[in-house]
file coords.txt (compact mmCIF, C-alpha atoms and all ligand atoms)
# COMPACT_ATOMS: atom_id res chain seq x y z
CA MET A 4 13.18 -42.55 64.58
CA ALA A 5 10.42 -41.81 62.09
CA VAL A 6 8.60 -44.69 60.39
CA LEU A 7 8.22 -44.91 56.62
CA SER A 8 5.02 -44.70 54.59
CA VAL A 9 5.76 -45.68 50.99
CA ASN A 10 3.89 -43.79 48.28
CA VAL A 11 3.20 -46.17 45.38
CA ASP A 12 1.64 -43.62 42.98
CA HIS A 13 4.41 -43.96 40.44
CA VAL A 14 3.99 -47.70 40.12
CA ALA A 15 0.56 -46.74 38.78
CA THR A 16 2.15 -44.04 36.61
CA LEU A 17 4.11 -46.77 34.83
CA ARG A 18 0.98 -48.86 34.42
CA GLN A 19 -1.12 -45.97 33.12
CA ALA A 20 1.61 -45.00 30.63
CA ARG A 21 0.52 -48.03 28.60
CA GLN A 22 -3.02 -48.40 29.92
CA ALA A 23 -1.87 -51.87 30.97
CA ASP A 24 -2.80 -53.92 34.02
CA TYR A 25 0.79 -54.04 35.32
CA PRO A 26 2.82 -53.12 37.29
CA ASP A 27 0.31 -53.33 40.11
CA PRO A 28 0.60 -50.70 42.88
CA VAL A 29 -1.15 -53.11 45.24
CA GLU A 30 1.56 -55.73 44.72
CA ALA A 31 4.17 -53.01 45.23
CA ALA A 32 2.45 -52.03 48.49
CA THR A 33 2.55 -55.59 49.75
CA ILE A 34 6.27 -55.91 49.02
CA ALA A 35 6.95 -52.50 50.61
CA GLU A 36 5.21 -53.57 53.80
CA GLN A 37 7.10 -56.86 53.84
CA ALA A 38 10.32 -54.85 53.52
CA GLY A 39 9.49 -52.80 56.61
CA ALA A 40 7.27 -49.92 55.55
CA SER A 41 4.85 -48.98 58.32
CA GLY A 42 2.15 -48.00 55.87
CA ILE A 43 1.22 -47.07 52.32
CA THR A 44 0.28 -43.73 50.80
CA VAL A 45 -1.52 -43.02 47.54
CA HIS A 46 -2.71 -39.77 46.00
CA LEU A 47 -6.00 -40.14 44.18
CA ARG A 48 -5.83 -37.15 41.86
CA SER A 49 -8.93 -35.61 40.33
CA ASP A 50 -7.56 -36.41 36.85
CA ARG A 51 -6.80 -40.04 37.83
CA ARG A 52 -3.40 -39.79 36.16
CA HIS A 53 -1.93 -42.63 38.22
CA ILE A 54 -3.86 -44.21 41.10
CA GLN A 55 -7.41 -45.30 40.20
CA ASP A 56 -10.44 -45.64 42.47
CA GLN A 57 -10.24 -49.43 42.42
CA ASP A 58 -6.59 -49.33 43.54
CA VAL A 59 -7.65 -47.55 46.72
CA ARG A 60 -10.44 -50.06 47.39
CA THR A 61 -8.10 -53.01 46.92
CA LEU A 62 -5.37 -51.41 49.01
CA ARG A 63 -7.87 -51.00 51.83
CA GLN A 64 -8.27 -54.79 51.90
CA VAL A 65 -4.60 -55.63 51.50
CA VAL A 66 -2.59 -53.05 53.45
CA HIS A 67 -1.85 -54.12 57.03
CA GLY A 68 -0.36 -50.86 58.29
CA LYS A 69 -1.74 -47.36 57.90
CA LEU A 70 -3.39 -46.58 54.58
CA ASN A 71 -3.00 -42.86 53.93
CA LEU A 72 -5.04 -41.31 51.12
CA GLU A 73 -3.80 -37.97 49.81
CA MET A 74 -6.54 -35.96 48.18
CA ALA A 75 -7.85 -32.50 47.36
CA THR A 76 -10.49 -30.92 49.57
CA THR A 77 -13.22 -31.31 46.93
CA ASP A 78 -16.71 -32.72 47.54
CA GLU A 79 -15.93 -35.52 45.08
CA MET A 80 -12.89 -36.63 47.05
CA VAL A 81 -14.53 -36.32 50.45
CA SER A 82 -17.43 -38.50 49.22
CA PHE A 83 -14.98 -40.99 47.77
CA ALA A 84 -13.01 -41.27 51.03
CA LEU A 85 -16.18 -41.87 53.01
CA ASP A 86 -17.88 -44.23 50.54
CA CYS A 87 -14.96 -46.22 49.14
CA CYS A 88 -13.40 -47.76 52.15
CA LYS A 89 -12.52 -45.26 54.84
CA PRO A 90 -8.72 -45.09 54.70
CA ASP A 91 -7.01 -44.89 58.09
CA GLN A 92 -5.84 -41.40 57.28
CA VAL A 93 -6.57 -38.69 54.76
CA THR A 94 -3.91 -36.11 53.97
CA LEU A 95 -5.46 -33.00 52.48
CA VAL A 96 -3.34 -31.48 49.74
CA PRO A 97 -3.72 -28.63 47.26
CA GLU A 98 -4.09 -29.80 43.68
CA ARG A 99 -3.68 -28.00 40.36
CA PRO A 100 -4.52 -29.92 37.18
CA GLU A 101 -1.45 -28.66 35.33
CA GLU A 102 1.10 -29.44 38.07
CA VAL A 103 3.56 -32.31 37.65
CA THR A 104 3.48 -33.05 41.38
CA THR A 105 2.11 -31.35 44.50
CA GLU A 106 3.72 -27.93 44.38
CA GLY A 107 3.25 -26.55 47.85
CA GLY A 108 1.30 -26.78 51.04
CA LEU A 109 -2.29 -25.81 51.72
CA ASP A 110 -2.93 -22.16 52.52
CA LEU A 111 -4.53 -22.32 55.95
CA LEU A 112 -4.27 -18.55 56.34
CA GLY A 113 -6.53 -17.98 53.33
CA HIS A 114 -8.71 -21.10 53.43
CA GLY A 115 -8.51 -22.31 57.02
CA ASP A 116 -12.26 -22.32 57.62
CA GLU A 117 -13.10 -24.48 54.57
CA ILE A 118 -10.21 -26.85 55.25
CA GLY A 119 -11.23 -27.08 58.90
CA THR A 120 -14.80 -28.00 57.91
CA VAL A 121 -13.55 -30.82 55.65
CA ALA A 122 -11.15 -32.05 58.33
CA LYS A 123 -13.92 -32.13 60.95
CA HIS A 124 -16.29 -33.99 58.62
CA LEU A 125 -13.69 -36.67 57.92
CA ALA A 126 -12.67 -36.92 61.57
CA ASP A 127 -16.32 -37.24 62.65
CA ASN A 128 -16.49 -40.24 60.33
CA GLY A 129 -13.56 -41.97 61.99
CA ILE A 130 -10.76 -40.96 59.60
CA SER A 131 -7.54 -39.44 60.95
CA VAL A 132 -6.73 -36.21 59.18
CA SER A 133 -3.45 -34.61 58.27
CA VAL A 134 -2.84 -31.50 56.17
CA PHE A 135 0.14 -30.87 53.92
CA ILE A 136 1.69 -27.50 54.72
CA ASP A 137 4.87 -25.57 54.07
CA PRO A 138 7.30 -25.10 56.99
CA ASP A 139 5.85 -21.75 58.00
CA PRO A 140 5.05 -21.15 61.70
CA ARG A 141 1.97 -19.08 60.75
CA GLN A 142 0.42 -22.16 59.15
CA ILE A 143 0.98 -24.17 62.34
CA GLU A 144 -0.55 -21.43 64.48
CA ARG A 145 -3.63 -21.37 62.24
CA LEU A 146 -3.85 -25.17 62.30
CA SER A 147 -3.74 -25.12 66.09
CA GLN A 148 -6.77 -22.78 66.10
CA ILE A 149 -8.60 -25.02 63.63
CA ARG A 150 -7.80 -28.14 65.65
CA GLY A 151 -10.19 -27.46 68.53
CA ASP A 152 -10.67 -30.85 70.16
CA LEU A 153 -9.80 -32.81 67.00
CA THR A 154 -6.74 -35.04 66.75
CA LEU A 155 -5.01 -33.49 63.77
CA GLY A 156 -1.69 -34.03 62.08
CA PHE A 157 0.28 -32.11 59.53
CA GLU A 158 2.81 -33.16 56.95
CA ILE A 159 5.68 -30.72 56.53
CA ASN A 160 6.45 -30.09 52.88
CA THR A 161 10.17 -30.94 52.59
CA ASP A 162 10.45 -29.94 48.95
CA SER A 163 12.43 -26.71 49.55
CA TYR A 164 14.84 -28.63 51.76
CA SER A 165 15.18 -31.41 49.18
CA THR A 166 15.99 -29.07 46.33
CA ALA A 167 18.26 -26.69 48.31
CA ARG A 168 22.01 -27.06 48.07
CA GLY A 169 24.89 -26.08 50.38
CA ALA A 170 24.09 -23.66 53.19
CA GLY A 171 20.58 -23.24 51.80
CA ARG A 172 19.80 -26.77 52.84
CA ASP A 173 20.70 -26.00 56.48
CA THR A 174 18.40 -22.98 56.36
CA GLU A 175 15.55 -25.12 55.05
CA LEU A 176 16.24 -27.85 57.61
CA ALA A 177 16.06 -25.26 60.40
CA LYS A 178 12.57 -24.25 59.20
CA ILE A 179 11.44 -27.88 59.31
CA ILE A 180 12.82 -28.31 62.83
CA GLU A 181 11.10 -25.11 63.99
CA VAL A 182 7.65 -26.13 62.74
CA ALA A 183 8.07 -29.72 63.97
CA GLU A 184 8.75 -28.40 67.49
CA LEU A 185 5.92 -25.88 67.28
CA GLY A 186 3.52 -28.52 66.02
CA MET A 187 4.25 -30.89 68.86
CA GLU A 188 3.97 -28.08 71.43
CA ASN A 189 0.49 -27.42 70.02
CA GLY A 190 -0.62 -31.03 70.32
CA LEU A 191 -0.41 -31.83 66.61
CA LEU A 192 0.96 -35.04 65.08
CA VAL A 193 3.96 -34.33 62.87
CA TYR A 194 4.80 -35.99 59.55
CA ALA A 195 7.03 -34.92 56.65
CA GLY A 196 7.66 -35.65 53.01
CA HIS A 197 8.21 -34.60 49.40
CA GLY A 198 11.40 -34.93 47.42
CA LEU A 199 13.19 -37.04 50.03
CA ASN A 200 15.76 -39.59 48.89
CA THR A 201 18.54 -41.69 50.40
CA ASP A 202 21.00 -38.77 50.17
CA ASN A 203 18.91 -36.18 51.99
CA VAL A 204 16.59 -38.15 54.28
CA GLY A 205 18.93 -38.61 57.28
CA PRO A 206 18.70 -35.15 58.89
CA VAL A 207 14.89 -35.13 58.52
CA SER A 208 14.34 -38.60 59.95
CA ALA A 209 16.52 -37.57 62.91
CA ILE A 210 14.06 -34.82 63.96
CA PRO A 211 12.47 -36.36 67.06
CA GLN A 212 9.02 -34.79 66.64
CA ILE A 213 8.51 -36.29 63.17
CA GLU A 214 6.65 -39.57 63.46
CA GLU A 215 6.47 -40.61 59.84
CA LEU A 216 8.06 -39.84 56.49
CA ASN A 217 6.10 -40.11 53.28
CA ILE A 218 8.37 -41.06 50.38
CA GLY A 219 7.42 -42.12 46.87
CA HIS A 220 9.30 -41.04 43.77
CA ALA A 221 12.81 -41.90 44.98
CA ILE A 222 11.76 -45.35 46.20
CA VAL A 223 9.82 -46.29 43.07
CA SER A 224 12.63 -44.98 40.85
CA ARG A 225 15.14 -47.10 42.70
CA ALA A 226 12.78 -50.08 42.67
CA VAL A 227 12.81 -50.03 38.87
CA LEU A 228 16.53 -50.82 39.06
CA ILE A 229 16.94 -53.01 42.15
CA GLY A 230 13.42 -54.12 43.12
CA MET A 231 10.90 -52.75 45.62
CA GLU A 232 12.08 -54.76 48.60
CA ALA A 233 15.69 -53.62 48.20
CA ALA A 234 14.64 -50.02 47.52
CA VAL A 235 12.57 -49.87 50.72
CA SER A 236 15.36 -51.50 52.75
CA GLU A 237 17.85 -49.01 51.37
CA MET A 238 15.60 -46.11 52.38
CA LEU A 239 15.08 -47.50 55.88
CA THR A 240 18.86 -47.82 56.26
CA ALA A 241 19.36 -44.22 55.07
CA MET A 242 16.70 -43.04 57.56
CA ALA A 243 18.58 -44.72 60.40
CA THR A 244 21.96 -43.17 59.60
N1 LIG A 301 3.64 -35.86 50.46
C1 LIG A 301 2.74 -35.32 49.62
C2 LIG A 301 1.64 -34.50 50.18
C3 LIG A 301 2.81 -35.55 48.23
O1 LIG A 301 1.89 -35.01 47.42
C4 LIG A 301 3.83 -36.37 47.75
C5 LIG A 301 3.92 -36.64 46.27
O2 LIG A 301 2.82 -37.38 45.88
C6 LIG A 301 4.75 -36.92 48.66
C7 LIG A 301 4.64 -36.62 50.01
C8 LIG A 301 5.84 -37.82 48.23
O3 LIG A 301 6.78 -37.09 47.49
P1 LIG A 301 7.88 -37.85 46.67
O4 LIG A 301 7.18 -38.66 45.62
O5 LIG A 301 8.72 -36.75 46.12
O6 LIG A 301 8.63 -38.73 47.64

call {"tool": "encode", "arguments": {"input": "coords.txt", "output": "structure tokens"}}
result
Amino acid sequence: MAVLSVNVDHVATLRQARQADYPDPVEAATIAEQAGASGITVHLRSDRRHIQDQDVRTLRQVVHGKLNLEMATTDEMVSFALDCCKPDQVTLVPERPEEVTTEGGLDLLGHGDEIGTVAKHLADNGISVSVFIDPDPRQIERLSQIRGDLTLGFEINTDSYSTARGAGRDTELAKIIEVAELGMENGLLVYAGHGLNTDNVGPVSAIPQIEELNIGHAIVSRAVLIGMEAAVSEMLTAMAT
């Protein structure tokens, strides 16, 4: 079964809403790990709307499992990842200033060379690299070319699956299964996330090629009502059923 990386961005969203010093995403990360999360994810956005630079530095010291930093492929972010603290993993994501959340995967067909250069630079500096991509076999084929002798992972964007209803959800799940299988056949590490919650996570966590799920909004939303420890436990239970 897949392990769970908890994204604590929206703990910081609550803090930034009042420019306060609480709630603390680092404290949330500690509780999430105690509750069974295998690691912690944060997205340091260029506009710093939730997670701040110092959060990442402190998380580096506190997180015991894998610290995964989501970021755009900009020079600013690459320098930050290398200078701040070297997270265990960087997940490269597209970023648009006006978006509410990450809207889709990276376009490796159009920008594969640039993304490959960034991935190699990070990997040469000892950081594992994953790229966020839509469940499209052409993206996996391009990533396999880019990989060369690098150890590379990819995170399947599960948003279309999460928002689909009825038979549409089965269609979207089939796409995820197809790219998970293709990814593993091509020697890539396979992760997934976006929009997952306790109602829809089961079929995705059951896909054997997927090593890790990256879940944030649903867990933090639930944590507001029942606490972070209970929210993480609930998600782990849903992943196992
Ligand atoms: N994966 C990526 C690349 C993301 O950008 C996000 C949202 O920050 C997630 C996973 C988690 O999505 P959600 O908050 O909907 O669980």

call {"tool": "residues_around", "arguments": {"input": "coords.txt", "residues": "A:Ser208", "least_positions_apart": "3", "cutoff": "6 Å", "atoms": "all atoms listed in the file", "output": "list in words"}}
result
Ala5, Gly205 and Met242 of chain A

call {"tool": "residues_around", "arguments": {"input": "coords.txt", "residues": "A:Glu98", "least_positions_apart": "2", "cutoff": "10 Å", "atoms": "only C-alpha atoms", "output": "MDAnalysis selection string"}}
result
chainID A and resid 48:49 74:77 95:96 100:102 104:109

call {"tool": "closest_atom_pairs", "arguments": {"input": "coords.txt", "of": "chain A", "to": "ligand LIG 301 (chain A)", "cutoff": "6 Å", "atoms": "all atoms listed in the file", "output": "Markdown table"}}
result
| residue | atom | partner | partner_atom | distance |
| --- | --- | --- | --- | --- |
| A:Val96 | CA | A:LIG301 | C2 | 5.8 |
| A:Thr105 | CA | A:LIG301 | O1 | 4.7 |
| A:Phe135 | CA | A:LIG301 | C2 | 5.4 |
| A:Gly196 | CA | A:LIG301 | C7 | 4.4 |
| A:His197 | CA | A:LIG301 | O3 | 3.4 |
| A:Gly198 | CA | A:LIG301 | O5 | 3.5 |
| A:Leu199 | CA | A:LIG301 | O6 | 5.4 |
| A:Asn217 | CA | A:LIG301 | C7 | 5.0 |
| A:Ile218 | CA | A:LIG301 | O6 | 3.6 |
| A:Gly219 | CA | A:LIG301 | O6 | 3.7 |
| A:His220 | CA | A:LIG301 | O4 | 3.7 |
| A:Ala221 | CA | A:LIG301 | O6 | 5.9 |

call {"tool": "residues_around", "arguments": {"input": "coords.txt", "residues": "A:Leu146", "least_positions_apart": "5", "cutoff": "10 Å", "atoms": "only C-alpha atoms", "output": "list in words"}}
result
Leu111, Leu112, Gly115, Ile118, Gly119, Val134, Ile136, Pro140, Arg141, Gly151, Leu155, Gly156, Phe157, Gly186, Asn189 and Leu191 of chain A

call {"tool": "write_last_selection", "arguments": {"input": "coords.txt", "atoms": "C-alpha atoms", "output": "mmCIF file, keeping the file's coordinate frame"}}
result
data_model
loop_
_atom_site.group_PDB
_atom_site.id
_atom_site.type_symbol
_atom_site.label_atom_id
_atom_site.label_comp_id
_atom_site.auth_asym_id
_atom_site.auth_seq_id
_atom_site.Cartn_x
_atom_site.Cartn_y
_atom_site.Cartn_z
ATOM 1 C CA LEU A 111 -4.530 -22.320 55.950
ATOM 2 C CA LEU A 112 -4.270 -18.550 56.340
ATOM 3 C CA GLY A 115 -8.510 -22.310 57.020
ATOM 4 C CA ILE A 118 -10.210 -26.850 55.250
ATOM 5 C CA GLY A 119 -11.230 -27.080 58.900
ATOM 6 C CA VAL A 134 -2.840 -31.500 56.170
ATOM 7 C CA ILE A 136 1.690 -27.500 54.720
ATOM 8 C CA PRO A 140 5.050 -21.150 61.700
ATOM 9 C CA ARG A 141 1.970 -19.080 60.750
ATOM 10 C CA GLY A 151 -10.190 -27.460 68.530
ATOM 11 C CA LEU A 155 -5.010 -33.490 63.770
ATOM 12 C CA GLY A 156 -1.690 -34.030 62.080
ATOM 13 C CA PHE A 157 0.280 -32.110 59.530
ATOM 14 C CA GLY A 186 3.520 -28.520 66.020
ATOM 15 C CA ASN A 189 0.490 -27.420 70.020
ATOM 16 C CA LEU A 191 -0.410 -31.830 66.610
#

call {"tool": "atom_distance", "arguments": {"input": "coords.txt", "atom1": "atom CA of A:Thr33", "atom2": "atom CA of A:His13"}}
result
15.0 Å

call {"tool": "atom_distance", "arguments": {"input": "coords.txt", "atom1": "atom CA of A:Cys87", "atom2": "atom CA of A:Arg60"}}
result
6.2 Å

call {"tool": "atom_distance", "arguments": {"input": "coords.txt", "atom1": "atom CA of A:Ile159", "atom2": "atom CA of A:Val235"}}
result
21.2 Å

call {"tool": "residues_around", "arguments": {"input": "coords.txt", "residues": "A:Pro211", "least_positions_apart": "6", "cutoff": "12 Å", "atoms": "all atoms listed in the file", "output": "list in words"}}
result
Met4, Ala5, Val6, Ile179, Ile180, Glu181, Ala183, Glu184, Gly186, Met187, Leu192, Val193, Tyr194, Ala195 and Gly205 of chain A

call {"tool": "closest_residue", "arguments": {"input": "coords.txt", "among": "A:Ile210, A:Ala38, A:Leu125, A:Val66", "to": "A:Leu85", "atoms": "only C-alpha atoms"}}
result
A:Leu125

call {"tool": "closest_residue", "arguments": {"input": "coords.txt", "among": "A:Asp110, A:Asp137, A:Asp58, A:Glu158", "to": "A:Leu216", "atoms": "all atoms listed in the file"}}
result
A:Glu158

call {"tool": "closest_residue", "arguments": {"input": "coords.txt", "among": "A:Ala126, A:Ala23, A:Leu185, A:Leu176", "to": "A:Glu144", "atoms": "only C-alpha atoms"}}
result
A:Leu185

call {"tool": "residues_around", "arguments": {"input": "coords.txt", "residues": "A:Leu72", "least_positions_apart": "3", "cutoff": "9 Å", "atoms": "only C-alpha atoms", "output": "compact mmCIF listing (two decimals) with C-alpha atoms, in the coordinates of the input"}}
result
# COMPACT_ATOMS: atom_id res chain seq x y z
CA ILE A 43 1.22 -47.07 52.32
CA THR A 44 0.28 -43.73 50.80
CA VAL A 45 -1.52 -43.02 47.54
CA HIS A 46 -2.71 -39.77 46.00
CA LEU A 47 -6.00 -40.14 44.18
CA VAL A 59 -7.65 -47.55 46.72
CA ALA A 84 -13.01 -41.27 51.03
CA PRO A 90 -8.72 -45.09 54.70
CA ASP A 91 -7.01 -44.89 58.09
CA GLN A 92 -5.84 -41.40 57.28
CA VAL A 93 -6.57 -38.69 54.76
CA THR A 94 -3.91 -36.11 53.97
CA LEU A 95 -5.46 -33.00 52.48

call {"tool": "closest_residue", "arguments": {"input": "coords.txt", "among": "A:Ala122, A:Leu70, A:Met231, A:Val14", "to": "A:Ser41", "atoms": "only C-alpha atoms"}}
result
A:Leu70

call {"tool": "closest_residue", "arguments": {"input": "coords.txt", "among": "A:Ile34, A:Ala20, A:Ala177, A:Ala40", "to": "A:Met238", "atoms": "all atoms listed in the file"}}
result
A:Ala40

call {"tool": "closest_residue", "arguments": {"input": "coords.txt", "among": "A:Val81, A:Ala226, A:Leu239, A:Val204", "to": "A:Asp162", "atoms": "all atoms listed in the file"}}
result
A:Val204

call {"tool": "axis_aligned_box", "arguments": {"input": "coords.txt", "around": "stretch 146-155 of chain A", "padding_each_side": "6 Å", "output": "AutoDock Vina command-line options"}}
result
--center_x -7.2 --center_y -28.9 --center_z 66.2 --size_x 18.9 --size_y 24.3 --size_z 19.9

call {"tool": "build_atoms", "arguments": {"input": "coords.txt", "residues": "stretch 163-173 of chain A", "atoms": "all heavy atoms", "output": "PDB file, in the coordinates of the input"}}
result
ATOM      1  N   SER A 163      11.396 -27.768  49.591  1.00  0.00           N
ATOM      2  CA  SER A 163      12.430 -26.710  49.550  1.00  0.00           C
ATOM      3  C   SER A 163      13.737 -27.223  50.131  1.00  0.00           C
ATOM      4  O   SER A 163      14.821 -26.923  49.614  1.00  0.00           O
ATOM      5  CB  SER A 163      11.972 -25.470  50.314  1.00  0.00           C
ATOM      6  OG  SER A 163      10.840 -24.935  49.704  1.00  0.00           O
ATOM      7  N   TYR A 164      13.637 -28.005  51.188  1.00  0.00           N
ATOM      8  CA  TYR A 164      14.840 -28.630  51.760  1.00  0.00           C
ATOM      9  C   TYR A 164      15.482 -29.573  50.747  1.00  0.00           C
ATOM     10  O   TYR A 164      16.698 -29.553  50.536  1.00  0.00           O
ATOM     11  CB  TYR A 164      14.448 -29.390  53.039  1.00  0.00           C
ATOM     12  CG  TYR A 164      15.471 -30.405  53.471  1.00  0.00           C
ATOM     13  CD1 TYR A 164      16.624 -30.021  54.152  1.00  0.00           C
ATOM     14  CD2 TYR A 164      15.296 -31.764  53.174  1.00  0.00           C
ATOM     15  CE1 TYR A 164      17.574 -30.962  54.540  1.00  0.00           C
ATOM     16  CE2 TYR A 164      16.231 -32.696  53.539  1.00  0.00           C
ATOM     17  CZ  TYR A 164      17.367 -32.298  54.219  1.00  0.00           C
ATOM     18  OH  TYR A 164      18.313 -33.222  54.582  1.00  0.00           O
ATOM     19  N   SER A 165      14.660 -30.379  50.085  1.00  0.00           N
ATOM     20  CA  SER A 165      15.180 -31.410  49.180  1.00  0.00           C
ATOM     21  C   SER A 165      15.881 -30.809  47.969  1.00  0.00           C
ATOM     22  O   SER A 165      16.824 -31.402  47.452  1.00  0.00           O
ATOM     23  CB  SER A 165      14.044 -32.316  48.700  1.00  0.00           C
ATOM     24  OG  SER A 165      13.422 -32.936  49.796  1.00  0.00           O
ATOM     25  N   THR A 166      15.400 -29.658  47.538  1.00  0.00           N
ATOM     26  CA  THR A 166      15.990 -29.070  46.330  1.00  0.00           C
ATOM     27  C   THR A 166      17.091 -28.057  46.659  1.00  0.00           C
ATOM     28  O   THR A 166      17.822 -27.638  45.763  1.00  0.00           O
ATOM     29  CB  THR A 166      14.906 -28.370  45.472  1.00  0.00           C
ATOM     30  OG1 THR A 166      14.176 -27.474  46.292  1.00  0.00           O
ATOM     31  CG2 THR A 166      13.948 -29.383  44.860  1.00  0.00           C
ATOM     32  N   ALA A 167      17.228 -27.671  47.926  1.00  0.00           N
ATOM     33  CA  ALA A 167      18.260 -26.690  48.310  1.00  0.00           C
ATOM     34  C   ALA A 167      19.638 -27.352  48.287  1.00  0.00           C
ATOM     35  O   ALA A 167      19.751 -28.575  48.449  1.00  0.00           O
ATOM     36  CB  ALA A 167      17.960 -26.130  49.695  1.00  0.00           C
ATOM     37  N   ARG A 168      20.632 -26.560  48.089  1.00  0.00           N
ATOM     38  CA  ARG A 168      22.010 -27.060  48.070  1.00  0.00           C
ATOM     39  C   ARG A 168      22.857 -26.217  49.021  1.00  0.00           C
ATOM     40  O   ARG A 168      22.560 -25.052  49.266  1.00  0.00           O
ATOM     41  CB  ARG A 168      22.600 -26.979  46.659  1.00  0.00           C
ATOM     42  CG  ARG A 168      21.894 -27.880  45.645  1.00  0.00           C
ATOM     43  CD  ARG A 168      22.183 -29.368  45.910  1.00  0.00           C
ATOM     44  NE  ARG A 168      21.386 -30.248  45.057  1.00  0.00           N
ATOM     45  CZ  ARG A 168      20.198 -30.756  45.367  1.00  0.00           C
ATOM     46  NH1 ARG A 168      19.628 -30.446  46.524  1.00  0.00           N
ATOM     47  NH2 ARG A 168      19.569 -31.566  44.544  1.00  0.00           N
ATOM     48  N   GLY A 169      23.929 -26.806  49.545  1.00  0.00           N
ATOM     49  CA  GLY A 169      24.890 -26.080  50.380  1.00  0.00           C
ATOM     50  C   GLY A 169      24.236 -25.527  51.639  1.00  0.00           C
ATOM     51  O   GLY A 169      23.418 -26.191  52.283  1.00  0.00           O
ATOM     52  N   ALA A 170      24.592 -24.270  51.951  1.00  0.00           N
ATOM     53  CA  ALA A 170      24.090 -23.660  53.190  1.00  0.00           C
ATOM     54  C   ALA A 170      22.572 -23.494  53.146  1.00  0.00           C
ATOM     55  O   ALA A 170      21.905 -23.470  54.179  1.00  0.00           O
ATOM     56  CB  ALA A 170      24.749 -22.302  53.385  1.00  0.00           C
ATOM     57  N   GLY A 171      22.035 -23.376  51.942  1.00  0.00           N
ATOM     58  CA  GLY A 171      20.580 -23.240  51.800  1.00  0.00           C
ATOM     59  C   GLY A 171      19.840 -24.430  52.383  1.00  0.00           C
ATOM     60  O   GLY A 171      18.735 -24.294  52.922  1.00  0.00           O
ATOM     61  N   ARG A 172      20.454 -25.581  52.291  1.00  0.00           N
ATOM     62  CA  ARG A 172      19.800 -26.770  52.840  1.00  0.00           C
ATOM     63  C   ARG A 172      19.698 -26.691  54.372  1.00  0.00           C
ATOM     64  O   ARG A 172      18.679 -27.058  54.956  1.00  0.00           O
ATOM     65  CB  ARG A 172      20.566 -28.026  52.412  1.00  0.00           C
ATOM     66  CG  ARG A 172      19.929 -29.293  52.929  1.00  0.00           C
ATOM     67  CD  ARG A 172      20.502 -30.528  52.300  1.00  0.00           C
ATOM     68  NE  ARG A 172      19.981 -30.719  50.953  1.00  0.00           N
ATOM     69  CZ  ARG A 172      20.239 -31.790  50.201  1.00  0.00           C
ATOM     70  NH1 ARG A 172      21.026 -32.739  50.643  1.00  0.00           N
ATOM     71  NH2 ARG A 172      19.725 -31.894  48.993  1.00  0.00           N
ATOM     72  N   ASP A 173      20.743 -26.156  55.014  1.00  0.00           N
ATOM     73  CA  ASP A 173      20.700 -26.000  56.480  1.00  0.00           C
ATOM     74  C   ASP A 173      19.603 -25.020  56.880  1.00  0.00           C
ATOM     75  O   ASP A 173      18.909 -25.209  57.884  1.00  0.00           O
ATOM     76  CB  ASP A 173      22.049 -25.495  57.011  1.00  0.00           C
ATOM     77  CG  ASP A 173      23.152 -26.520  56.782  1.00  0.00           C
ATOM     78  OD1 ASP A 173      22.820 -27.716  56.629  1.00  0.00           O
ATOM     79  OD2 ASP A 173      24.326 -26.124  56.739  1.00  0.00           O
TER      80      ASP A 173
END
